[in-house]
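Pasted below: my_file_36.cif, mmCIF, C-alpha atoms.
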data_query
#
loop_
_atom_site.label_atom_id
_atom_site.label_comp_id
_atom_site.auth_asym_id
_atom_site.auth_seq_id
_atom_site.Cartn_x
_atom_site.Cartn_y
_atom_site.Cartn_z
CA MET A 1 61.96 112.27 159.67
CA THR A 2 60.15 115.32 158.35
CA PRO A 3 63.20 117.66 158.36
CA LYS A 4 65.24 114.93 156.66
CA THR A 5 62.59 114.50 153.96
CA ILE A 6 62.45 118.24 153.34
CA LYS A 7 66.23 118.42 153.15
CA ASN A 8 66.45 115.55 150.64
CA SER A 9 63.64 116.94 148.46
CA SER A 10 65.37 120.30 148.22
CA ILE A 11 68.54 118.86 146.68
CA PRO A 12 67.06 118.01 143.26
CA THR A 13 65.44 121.47 143.15
CA GLU A 14 68.82 123.14 143.70
CA GLU A 15 70.50 120.83 141.19
CA LYS A 16 67.79 121.61 138.65
CA THR A 17 68.28 125.33 139.27
CA TYR A 18 72.01 125.00 138.62
CA GLU A 19 71.31 122.93 135.51
CA GLU A 20 68.87 125.55 134.22
CA ARG A 21 71.40 128.28 134.90
CA GLY A 22 74.01 126.26 133.02
CA VAL A 23 71.73 125.78 130.02
CA ILE A 24 70.79 129.50 129.98
CA SER A 25 74.48 130.43 130.21
CA GLN A 26 75.37 128.07 127.34
CA VAL A 27 72.58 129.47 125.13
CA LYS A 28 73.71 133.02 125.92
CA GLN A 29 77.34 132.17 125.11
CA TRP A 30 76.26 130.51 121.86
CA LEU A 31 74.22 133.55 120.81
CA LEU A 32 77.11 135.89 121.59
CA SER A 33 79.58 133.62 119.77
CA LEU A 34 77.53 134.28 116.61
CA GLY A 35 78.48 137.97 116.88
CA PRO A 36 81.13 138.23 114.12
CA GLY A 37 79.05 136.26 111.60
CA ILE A 38 75.85 138.13 112.49
CA ILE A 39 77.59 141.51 112.11
CA THR A 40 78.86 140.50 108.65
CA ALA A 41 75.38 139.30 107.64
CA ALA A 42 73.81 142.54 108.90
CA LEU A 43 76.22 144.85 107.07
CA VAL A 44 75.84 142.90 103.80
CA PHE A 45 72.03 142.75 103.97
CA GLY A 46 71.31 146.44 103.36
CA PRO A 47 68.60 148.36 101.44
CA SER A 48 70.34 147.97 98.06
CA LYS A 49 70.56 144.21 98.62
CA MET A 50 66.86 144.14 99.51
CA THR A 51 66.02 146.08 96.33
CA ILE A 52 67.98 143.68 94.09
CA THR A 53 66.46 140.64 95.83
CA SER A 54 62.93 142.08 95.57
CA LYS A 55 63.49 142.79 91.85
CA LEU A 56 64.56 139.20 91.24
CA GLY A 57 61.38 137.88 92.86
CA ALA A 58 59.12 140.52 91.27
CA GLU A 59 60.41 139.97 87.72
CA TYR A 60 61.29 136.26 87.67
CA GLY A 61 59.17 134.75 90.43
CA TYR A 62 60.77 131.82 92.23
CA ALA A 63 63.03 130.86 89.30
CA LEU A 64 66.28 132.31 90.68
CA LEU A 65 66.23 131.07 94.28
CA TRP A 66 69.13 128.76 93.40
CA ILE A 67 71.55 131.69 93.09
CA VAL A 68 71.07 132.38 96.83
CA VAL A 69 72.52 128.93 97.55
CA VAL A 70 75.49 129.48 95.20
CA ALA A 71 76.34 132.96 96.54
CA ILE A 72 75.98 131.89 100.19
CA PHE A 73 78.10 128.76 99.63
CA PHE A 74 81.07 130.82 98.43
CA MET A 75 80.45 133.51 101.04
CA VAL A 76 80.64 130.83 103.76
CA ILE A 77 83.95 129.53 102.30
CA PHE A 78 85.63 132.97 102.33
CA THR A 79 84.10 134.16 105.61
CA ALA A 80 85.31 131.02 107.39
CA MET A 81 88.72 131.51 105.72
CA ALA A 82 88.96 135.06 107.10
CA ALA A 83 87.78 133.90 110.54
CA ARG A 84 90.60 131.33 110.64
CA ILE A 85 93.11 134.05 109.71
CA GLY A 86 91.78 136.14 112.60
CA MET A 87 92.24 133.20 115.00
CA ALA A 88 95.65 132.14 113.67
CA THR A 89 97.42 135.54 113.71
CA ARG A 90 97.99 138.05 116.47
CA GLN A 91 97.94 141.00 114.13
CA SER A 92 95.34 142.47 111.77
CA LEU A 93 94.88 141.11 108.26
CA LEU A 94 96.12 144.36 106.70
CA SER A 95 99.26 144.13 108.88
CA THR A 96 99.86 140.63 107.49
CA ILE A 97 99.33 141.95 103.95
CA ARG A 98 101.76 144.80 104.69
CA GLN A 99 104.42 142.30 105.76
CA LYS A 100 103.80 139.98 102.80
CA TRP A 101 103.39 142.47 99.93
CA GLY A 102 104.43 145.87 101.30
CA ARG A 103 102.78 149.03 102.68
CA GLY A 104 101.40 150.07 99.28
CA ALA A 105 99.17 146.99 99.06
CA ALA A 106 97.74 147.61 102.54
CA VAL A 107 97.09 151.31 101.88
CA ALA A 108 95.45 150.54 98.52
CA ILE A 109 93.01 148.12 100.17
CA GLY A 110 92.29 150.47 103.11
CA LEU A 111 91.68 153.51 100.90
CA GLY A 112 89.68 151.50 98.37
CA VAL A 113 87.35 150.02 101.00
CA PHE A 114 86.92 153.47 102.62
CA PHE A 115 85.86 155.05 99.31
CA VAL A 116 83.50 152.19 98.44
CA THR A 117 81.80 152.17 101.86
CA THR A 118 81.53 155.97 101.86
CA SER A 119 80.02 155.97 98.36
CA PHE A 120 77.35 153.44 99.29
CA GLN A 121 76.66 154.87 102.75
CA ALA A 122 74.11 157.35 101.34
CA GLY A 123 71.93 154.40 100.31
CA ASN A 124 71.91 153.11 103.89
CA SER A 125 70.95 156.54 105.23
CA ILE A 126 68.17 156.89 102.66
CA GLY A 127 66.89 153.41 103.56
CA VAL A 128 66.62 154.36 107.25
CA GLY A 129 64.85 157.61 106.39
CA ILE A 130 62.33 156.01 104.01
CA ALA A 131 61.55 153.08 106.35
CA ILE A 132 60.48 155.41 109.16
CA ALA A 133 59.03 158.24 107.01
CA GLU A 134 56.70 155.97 105.00
CA ALA A 135 55.43 154.33 108.18
CA ASN A 136 54.28 157.65 109.70
CA ASP A 137 54.13 160.04 106.70
CA THR A 138 56.98 162.38 107.70
CA SER A 139 60.12 163.76 106.04
CA PRO A 140 62.93 161.19 105.49
CA ALA A 141 65.62 163.85 106.08
CA THR A 142 64.69 164.18 109.76
CA TRP A 143 65.17 160.45 110.33
CA VAL A 144 68.40 160.38 108.32
CA VAL A 145 69.89 162.99 110.66
CA LEU A 146 68.49 161.38 113.82
CA PHE A 147 69.71 157.83 113.17
CA ASN A 148 73.13 158.94 111.97
CA ILE A 149 73.47 160.85 115.26
CA VAL A 150 72.43 157.64 117.07
CA GLY A 151 74.99 155.67 115.03
CA ILE A 152 77.78 158.14 115.86
CA GLY A 153 76.63 158.12 119.50
CA LEU A 154 77.28 154.37 119.70
CA LEU A 155 80.99 155.08 119.13
CA PHE A 156 81.19 156.79 122.54
CA PHE A 157 80.45 153.55 124.40
CA ARG A 158 83.65 152.20 125.94
CA ALA A 159 82.87 148.63 124.89
CA PHE A 160 81.86 149.57 121.33
CA TYR A 161 82.35 146.05 119.95
CA LYS A 162 80.02 144.51 122.56
CA VAL A 163 77.41 147.21 121.86
CA LEU A 164 77.78 146.62 118.09
CA GLU A 165 77.45 142.86 118.54
CA LYS A 166 74.28 143.06 120.65
CA LEU A 167 72.75 145.71 118.36
CA MET A 168 73.34 143.57 115.26
CA ILE A 169 71.94 140.43 116.90
CA PHE A 170 68.83 142.43 117.85
CA LEU A 171 68.42 143.97 114.37
CA VAL A 172 68.89 140.63 112.61
CA GLY A 173 66.31 139.11 114.97
CA LEU A 174 63.96 141.99 114.14
CA MET A 175 64.47 141.43 110.40
CA LEU A 176 63.89 137.69 110.68
CA PHE A 177 60.65 138.26 112.62
CA ALA A 178 59.40 140.86 110.10
CA PHE A 179 60.26 138.84 107.00
CA VAL A 180 59.13 135.43 108.29
CA THR A 181 55.77 136.93 109.33
CA THR A 182 55.46 138.58 105.90
CA LEU A 183 56.25 135.19 104.32
CA PHE A 184 53.30 133.56 106.11
CA LEU A 185 51.01 136.41 105.04
CA ALA A 186 52.14 136.11 101.41
CA GLU A 187 51.24 132.38 101.22
CA PRO A 188 53.80 131.43 98.54
CA ASP A 189 53.36 128.52 96.14
CA LEU A 190 55.43 125.74 97.78
CA ALA A 191 55.83 123.83 94.52
CA GLY A 192 57.09 127.04 92.88
CA VAL A 193 59.55 127.61 95.74
CA ALA A 194 60.91 124.05 95.39
CA SER A 195 61.33 124.44 91.62
CA GLY A 196 63.27 127.68 92.16
CA PHE A 197 66.22 125.74 93.57
CA VAL A 198 66.70 123.97 90.22
CA PRO A 199 69.24 126.07 88.23
CA SER A 200 67.80 128.03 85.31
CA LEU A 201 68.48 131.44 83.77
CA PRO A 202 65.39 133.30 82.53
CA VAL A 203 65.89 135.56 79.51
CA GLY A 204 67.06 139.04 80.54
CA SER A 205 67.96 138.04 84.12
CA LEU A 206 71.77 137.93 83.80
CA GLY A 207 72.35 141.55 84.92
CA LEU A 208 70.34 141.11 88.13
CA VAL A 209 71.95 137.71 88.79
CA ILE A 210 75.42 139.31 88.57
CA ALA A 211 74.35 142.20 90.83
CA PHE A 212 72.85 139.85 93.41
CA THR A 213 75.84 137.48 93.44
CA ALA A 214 78.31 140.37 93.76
CA SER A 215 76.36 141.91 96.65
CA CYS A 216 75.71 138.64 98.50
CA PHE A 217 79.16 137.11 97.94
CA SER A 218 80.80 140.14 99.56
CA ILE A 219 84.59 139.74 99.69
CA VAL A 220 84.92 142.99 101.67
CA GLY A 221 82.45 141.62 104.25
CA ALA A 222 84.35 138.31 104.39
CA PHE A 223 87.68 140.15 104.70
CA TYR A 224 86.39 142.16 107.69
CA GLN A 225 85.39 138.93 109.46
CA SER A 226 89.02 138.47 110.55
CA TYR A 227 88.86 141.84 112.36
CA LEU A 228 85.55 141.00 114.03
CA VAL A 229 86.88 137.66 115.29
CA GLN A 230 89.90 139.41 116.82
CA GLU A 231 87.67 142.06 118.43
CA ARG A 232 85.52 139.25 119.82
CA ILE A 233 88.61 137.58 121.33
CA LYS A 234 89.72 140.89 122.91
CA ALA A 235 86.24 141.55 124.34
CA ASN A 236 85.86 137.96 125.64
CA PRO A 237 89.37 136.52 126.24
CA GLY A 238 88.09 133.23 127.66
CA SER A 239 85.57 132.51 124.92
CA GLN A 240 85.98 129.69 122.41
CA GLN A 241 86.14 130.85 118.80
CA THR A 242 85.23 128.55 115.92
CA THR A 243 84.45 129.13 112.25
CA ASP A 244 81.03 127.51 112.80
CA SER A 245 79.69 130.70 114.44
CA SER A 246 80.75 132.71 111.37
CA LYS A 247 79.06 130.20 109.07
CA THR A 248 75.80 130.44 111.03
CA GLY A 249 75.63 134.21 110.52
CA ILE A 250 76.14 133.88 106.76
CA ILE A 251 73.51 131.13 106.51
CA ILE A 252 71.08 133.54 108.23
CA LEU A 253 71.99 136.07 105.50
CA GLY A 254 70.99 133.47 102.91
CA VAL A 255 67.72 132.68 104.69
CA MET A 256 66.75 136.39 104.78
CA SER A 257 67.63 136.81 101.08
CA ALA A 258 65.54 133.77 100.12
CA ILE A 259 62.57 134.93 102.22
CA VAL A 260 62.53 138.42 100.64
CA MET A 261 62.77 136.89 97.14
CA ILE A 262 59.94 134.45 97.90
CA CYS A 263 57.76 137.25 99.31
CA ALA A 264 58.41 139.39 96.22
CA ALA A 265 57.54 136.45 93.96
CA ALA A 266 54.33 135.71 95.88
CA VAL A 267 53.13 139.33 96.14
CA LEU A 268 54.75 141.47 93.42
CA ASN A 269 55.20 138.93 90.62
CA ARG A 270 51.64 137.70 91.09
CA GLN A 271 50.33 141.27 90.57
CA GLY A 272 52.84 142.22 87.86
CA ILE A 273 54.28 145.06 90.00
CA LYS A 274 57.77 146.35 89.09
CA VAL A 275 60.27 147.28 91.81
CA SER A 276 62.31 150.49 91.94
CA SER A 277 63.12 150.41 95.68
CA ALA A 278 62.83 148.03 98.64
CA SER A 279 59.88 150.04 100.03
CA ASP A 280 57.77 149.07 96.97
CA MET A 281 57.14 145.73 98.66
CA ALA A 282 55.57 147.53 101.63
CA LYS A 283 53.29 149.53 99.29
CA ALA A 284 52.16 146.34 97.57
CA LEU A 285 51.43 144.57 100.87
CA GLU A 286 49.07 147.25 102.23
CA PRO A 287 46.15 146.79 99.77
CA LEU A 288 46.31 143.02 100.25
CA PHE A 289 46.89 142.63 103.98
CA GLY A 290 46.37 146.10 105.51
CA SER A 291 48.68 148.69 107.07
CA TYR A 292 49.95 146.16 109.64
CA ALA A 293 51.72 144.11 106.94
CA SER A 294 53.15 147.23 105.31
CA THR A 295 54.50 148.51 108.65
CA LEU A 296 55.93 145.08 109.41
CA PHE A 297 57.93 145.01 106.17
CA LEU A 298 59.10 148.61 106.71
CA THR A 299 60.32 147.50 110.16
CA GLY A 300 62.45 144.86 108.42
CA LEU A 301 63.71 147.49 105.96
CA PHE A 302 64.66 149.74 108.88
CA GLY A 303 66.59 146.87 110.50
CA ALA A 304 68.44 146.19 107.25
CA SER A 305 69.22 149.89 106.67
CA PHE A 306 70.34 150.80 110.19
CA SER A 307 72.46 147.67 110.63
CA SER A 308 74.19 148.40 107.30
CA LEU A 309 74.54 152.09 108.18
CA VAL A 310 76.52 151.25 111.33
CA GLY A 311 78.27 148.11 110.00
CA ASN A 312 79.30 149.60 106.65
CA ALA A 313 80.78 152.68 108.34
CA THR A 314 82.64 150.47 110.83
CA VAL A 315 84.27 148.50 107.99
CA GLY A 316 85.35 151.63 106.08
CA GLY A 317 86.68 153.48 109.12
CA THR A 318 88.48 150.47 110.62
CA LEU A 319 90.28 149.39 107.46
CA LEU A 320 91.40 152.92 106.57
CA GLY A 321 92.62 153.46 110.14
CA ASP A 322 94.59 150.21 109.98
CA ALA A 323 96.01 151.04 106.53
CA LEU A 324 97.22 154.45 107.73
CA GLY A 325 98.94 152.98 110.79
CA TYR A 326 96.40 153.90 113.48
CA GLY A 327 95.61 150.26 114.23
CA SER A 328 92.31 148.46 113.92
CA SER A 329 91.00 148.56 117.49
CA LEU A 330 87.45 149.89 117.76
CA HIS A 331 88.60 151.63 120.95
CA ALA A 332 91.16 153.75 119.05
CA LYS A 333 90.11 157.40 118.71
CA PRO A 334 91.33 157.84 115.08
CA VAL A 335 89.36 154.73 114.05
CA LYS A 336 86.20 156.09 115.70
CA ILE A 337 86.67 159.43 113.93
CA LEU A 338 86.99 157.70 110.54
CA ILE A 339 83.88 155.58 111.23
CA ALA A 340 81.95 158.75 112.12
CA LEU A 341 83.29 160.42 108.94
CA VAL A 342 81.75 157.68 106.76
CA MET A 343 78.37 158.25 108.47
CA ILE A 344 78.57 162.04 108.14
CA ILE A 345 79.45 161.93 104.41
CA GLY A 346 76.70 159.38 103.73
CA ALA A 347 74.07 161.41 105.62
CA THR A 348 75.12 164.64 103.85
CA ILE A 349 74.78 163.05 100.39
CA ALA A 350 71.40 161.53 101.36
CA ILE A 351 70.02 164.92 102.50
CA LEU A 352 71.43 166.93 99.57
CA PHE A 353 70.43 164.57 96.76
CA GLY A 354 67.65 162.45 98.31
CA LYS A 355 69.16 159.41 96.59
CA LEU A 356 72.52 157.90 95.74
CA PRO A 357 73.88 159.94 92.77
CA LEU A 358 74.64 157.94 89.62
CA GLN A 359 78.20 159.32 89.49
CA LEU A 360 78.91 157.92 92.95
CA ILE A 361 77.51 154.51 92.01
CA VAL A 362 79.78 154.42 88.94
CA PHE A 363 82.75 155.59 91.05
CA ALA A 364 82.15 152.92 93.70
CA GLN A 365 81.66 150.19 91.08
CA SER A 366 84.84 151.23 89.27
CA ILE A 367 86.90 150.88 92.47
CA THR A 368 85.17 147.63 93.40
CA ILE A 369 85.95 146.03 90.01
CA PHE A 370 89.70 146.25 90.63
CA LEU A 371 89.67 146.02 94.44
CA VAL A 372 87.55 142.91 95.05
CA PRO A 373 89.64 140.40 92.99
CA PHE A 374 92.81 141.76 94.63
CA ILE A 375 91.31 141.33 98.14
CA GLY A 376 90.03 137.85 97.28
CA ILE A 377 93.44 136.71 95.98
CA ALA A 378 95.21 138.18 99.06
CA LEU A 379 92.77 136.44 101.43
CA TYR A 380 93.16 133.12 99.61
CA ALA A 381 96.98 133.33 99.45
CA ILE A 382 97.35 134.12 103.16
CA ALA A 383 94.94 131.34 104.19
CA ASN A 384 97.04 128.90 102.11
CA ASP A 385 100.33 130.01 103.73
CA ALA A 386 101.34 127.37 106.30
CA GLY A 387 104.01 129.73 107.73
CA ILE A 388 101.30 132.22 108.73
CA MET A 389 98.37 129.91 109.39
CA GLY A 390 99.95 126.78 110.89
CA ALA A 391 97.24 124.18 111.56
CA GLN A 392 94.55 126.72 110.48
CA LYS A 393 95.67 126.76 106.83
CA ASN A 394 93.21 125.87 104.07
CA SER A 395 92.39 122.20 103.61
CA VAL A 396 92.50 120.67 100.13
CA ALA A 397 88.71 120.99 99.79
CA VAL A 398 88.78 124.67 100.79
CA LYS A 399 91.62 125.31 98.34
CA VAL A 400 89.53 123.82 95.52
CA PHE A 401 86.26 125.59 96.39
CA GLY A 402 88.13 128.80 97.27
CA GLY A 403 89.79 128.67 93.84
CA LEU A 404 86.37 128.31 92.20
CA GLY A 405 85.18 131.28 94.28
CA LEU A 406 88.09 133.36 92.97
CA LEU A 407 87.15 132.43 89.39
CA LEU A 408 83.60 133.59 90.13
CA ILE A 409 84.88 136.89 91.59
CA ILE A 410 87.09 137.52 88.54
CA THR A 411 84.21 136.64 86.19
CA LEU A 412 81.92 139.10 88.00
CA ALA A 413 84.63 141.79 87.80
CA LEU A 414 85.05 141.26 84.04
CA SER A 415 81.27 141.41 83.58
CA ASN A 416 81.22 144.73 85.45
CA VAL A 417 84.06 146.06 83.28
CA LYS A 418 81.99 145.22 80.18
CA GLU A 419 78.85 146.84 81.66
CA LEU A 420 80.62 150.05 82.77
CA PHE A 421 83.14 150.71 80.01
CA PHE A 422 82.12 148.84 76.86
CA LYS A 423 78.35 149.27 76.66
#

Starting from the file, give its structure as structure tokens.
Amino acid sequence: MTPKTIKNSSIPTEEKTYEERGVISQVKQWLLSLGPGIITAALVFGPSKMTITSKLGAEYGYALLWIVVVAIFFMVIFTAMAARIGMATRQSLLSTIRQKWGRGAAVAIGLGVFFVTTSFQAGNSIGVGIAIAEANDTSPATWVVLFNIVGIGLLFFRAFYKVLEKLMIFLVGLMLFAFVTTLFLAEPDLAGVASGFVPSLPVGSLGLVIAFTASCFSIVGAFYQSYLVQERIKANPGSQQTTDSSKTGIIILGVMSAIVMICAAAVLNRQGIKVSSASDMAKALEPLFGSYASTLFLTGLFGASFSSLVGNATVGGTLLGDALGYGSSLHAKPVKILIALVMIIGATIAILFGKLPLQLIVFAQSITIFLVPFIGIALYAIANDAGIMGAQKNSVAVKVFGGLGLLLIITLALSNVKELFFK
């Protein structure tokens, strides 16, 4: 009797173990399936984005939280659109553009994205340097060199996409922890937060609203989603790909943006402190909550800067490599060289100038004005093409909201033209 009892009692234990293993495996698969969306969120949420978001909160309190919802809504539409293109086609998005509109269109997009990412890469390098240097009172240049070397070193891993995916998931987790903890320390006014989701436009806020929307609703980031989905399929052939995982990553981008704006409103706006860089938030936190809070926010800034440093370079190098006919695989040597080139140029500018030169900002904005509407229209047209997309083509609802998104992109471009050339 006793052996029989022992034998029977062991069965549920084994079954439970298998069930637990199954649950753990499912959670792990779900986390990894978020990879493409998380990578896009991480490369969009860089130090310049943090600065703009902090300025909005510091100058206008909670009043402009609603623009996070608007920007993220359209970013979700276009990111999911690009993800479906990646799932529906067996070739890269630039290859599809080459077939549809000719080699010139593909090369123009590849070169344009390379120049834009290279121009803004200095800001990511500076963000990494400042985040570490201000935490331990050292020279930013040392950390700029070190973390660019680390970034280039990642390219030597055979499974670069898997390394990139896990790194971005870790860095986004780090940012979420840092910013959510800062949020609890800041003790925001909940009634003020709720009122911020009611649309309003404070006097003098239009410029920052345009800058935030353009940086958060990133067509280049959405465009690259199709490449990330295809890399994910190559790295995990048996995995199920859905647009839901891409949407989750972008929603996390929105949550981080809202948290930083709320923190800035609760800490900086309350004290009347103006923002010139993302690290100003850390300086303001220290007198109120001690060095721990300051270090915590700088940790989040480091996560945002390093993830953008690697992600931004990957976008620029991959799209130029694809445009020039070297393919888009992250395993391809020419693509890795171009990714490294973006990092090297960005680090060099950061060390020589200590900040992003105004001429480069103007140059990057000038290219972006003409490039982004073109990319958005190309993305939208391909996703509407039943011959290319089959069952994955845009639904009627996506066509309508995607069309509204294009109008927003064109409006932002025209606003930038006015700011740059007619002011």

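Counting all atoms listed in the file, Leu414 of chain A has the following residues at most 12 Å away, ignoring those fewer than 2 positions along the same chain: Ile210, Ala214, Gln365, Ser366, Thr368, Ile369, Phe370, Val372, Pro373, Leu407, Leu408, Ile409, Ile410, Thr411, Leu412, Asn416, Val417, Lys418, Glu419, Leu420, Phe421 and Phe422 of chain A.
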
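Residues matched by the PyMOL selection byres ((chain A and resi 142-158) around 8) in this file are Ser125, Ile126, Val128, Gly129, Ile132, Ala133, Ser139, Pro140, Ala141, Ala159, Phe160, Val163, Leu164, Phe306, Leu309, Val310, His331, Lys336, Ala340, Met343, Ile344, Ala347, Ala350 and Ile351 of chain A.
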
- Any chance you could resolve the PyMOL selection byres ((chain A and resi 230) around 10) against this file and give the residues as number ranges by chain? A: 36, 83, 85-92, 225-229, 231-237, 241, 328-329

Just need the box for segment 145-158 of chain A, edges along x, y and z, holding every atom the file lists for it with 8 Å tacked onto each side, so centre and edge lengths in Å to one decimal, as JSON.
{"center_x": 76.1, "center_y": 157.6, "center_z": 118.3, "size_x": 31.2, "size_y": 26.8, "size_z": 31.3}

- Query: So how far away is atom CA of Tyr62 of chain A from atom CA of Gly192 of chain A, in Å?
  - Reply: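 Separation of atom CA of Gly192 of chain A and atom CA of Tyr62 of chain A: 6.1 Å.
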
- Query: Counting all atoms listed in the file, which of A:Gly321, A:Gly272, A:Gly354, A:Gly254 gets nearest to Ile339 of chain A?
  - Reply: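 Closest to Ile339 of chain A, using all atoms listed in the file: A:Gly321.
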
- Using all atoms listed in the file, the residue out of A:Val198, A:Leu288, A:Ala266, A:Leu330 with shortest distance to Val315 of chain A is A:Leu330

Name every residue that the PyMOL selection byres ((chain A and resi 186) around 10) selects in this structure, writing the answer as a JSON list (two decimals) with C-alpha atoms, in the frame of the given file with chains first and numbers rising.
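In the end it all went to part-v2.json:
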[["chain", "number", "residue", "atom", "x", "y", "z"],
["A", 180, "VAL", "CA", 59.13, 135.43, 108.29],
["A", 181, "THR", "CA", 55.77, 136.93, 109.33],
["A", 182, "THR", "CA", 55.46, 138.58, 105.90],
["A", 183, "LEU", "CA", 56.25, 135.19, 104.32],
["A", 184, "PHE", "CA", 53.30, 133.56, 106.11],
["A", 185, "LEU", "CA", 51.01, 136.41, 105.04],
["A", 187, "GLU", "CA", 51.24, 132.38, 101.22],
["A", 188, "PRO", "CA", 53.80, 131.43, 98.54],
["A", 189, "ASP", "CA", 53.36, 128.52, 96.14],
["A", 262, "ILE", "CA", 59.94, 134.45, 97.90],
["A", 263, "CYS", "CA", 57.76, 137.25, 99.31],
["A", 264, "ALA", "CA", 58.41, 139.39, 96.22],
["A", 265, "ALA", "CA", 57.54, 136.45, 93.96],
["A", 266, "ALA", "CA", 54.33, 135.71, 95.88],
["A", 267, "VAL", "CA", 53.13, 139.33, 96.14],
["A", 268, "LEU", "CA", 54.75, 141.47, 93.42],
["A", 285, "LEU", "CA", 51.43, 144.57, 100.87],
["A", 288, "LEU", "CA", 46.31, 143.02, 100.25],
["A", 289, "PHE", "CA", 46.89, 142.63, 103.98],
["A", 293, "ALA", "CA", 51.72, 144.11, 106.94]]

- Query: Any idea what's packed within 9 Å of Trp66 of chain A, counting only C-alpha atoms, ignoring anything in its chain fewer than 2 positions away? Could you give it as a ChimeraX atom specification?
  - Reply: /A:62-64,68-71,196-200

- Task: Provide the atom CA of Ile251 of chain A to atom CA of Thr299 of chain A distance in Å, to one decimal place.
- Result: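 Atom CA of Thr299 of chain A lies at a distance of 21.3 Å from atom CA of Ile251 of chain A.
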
- Message: Using all atoms listed in the file, can you tell me which of A:Gly402, A:Gly110, A:Gly311, A:Gly327 comes closest to Val44 of chain A?
- Response: A:Gly311
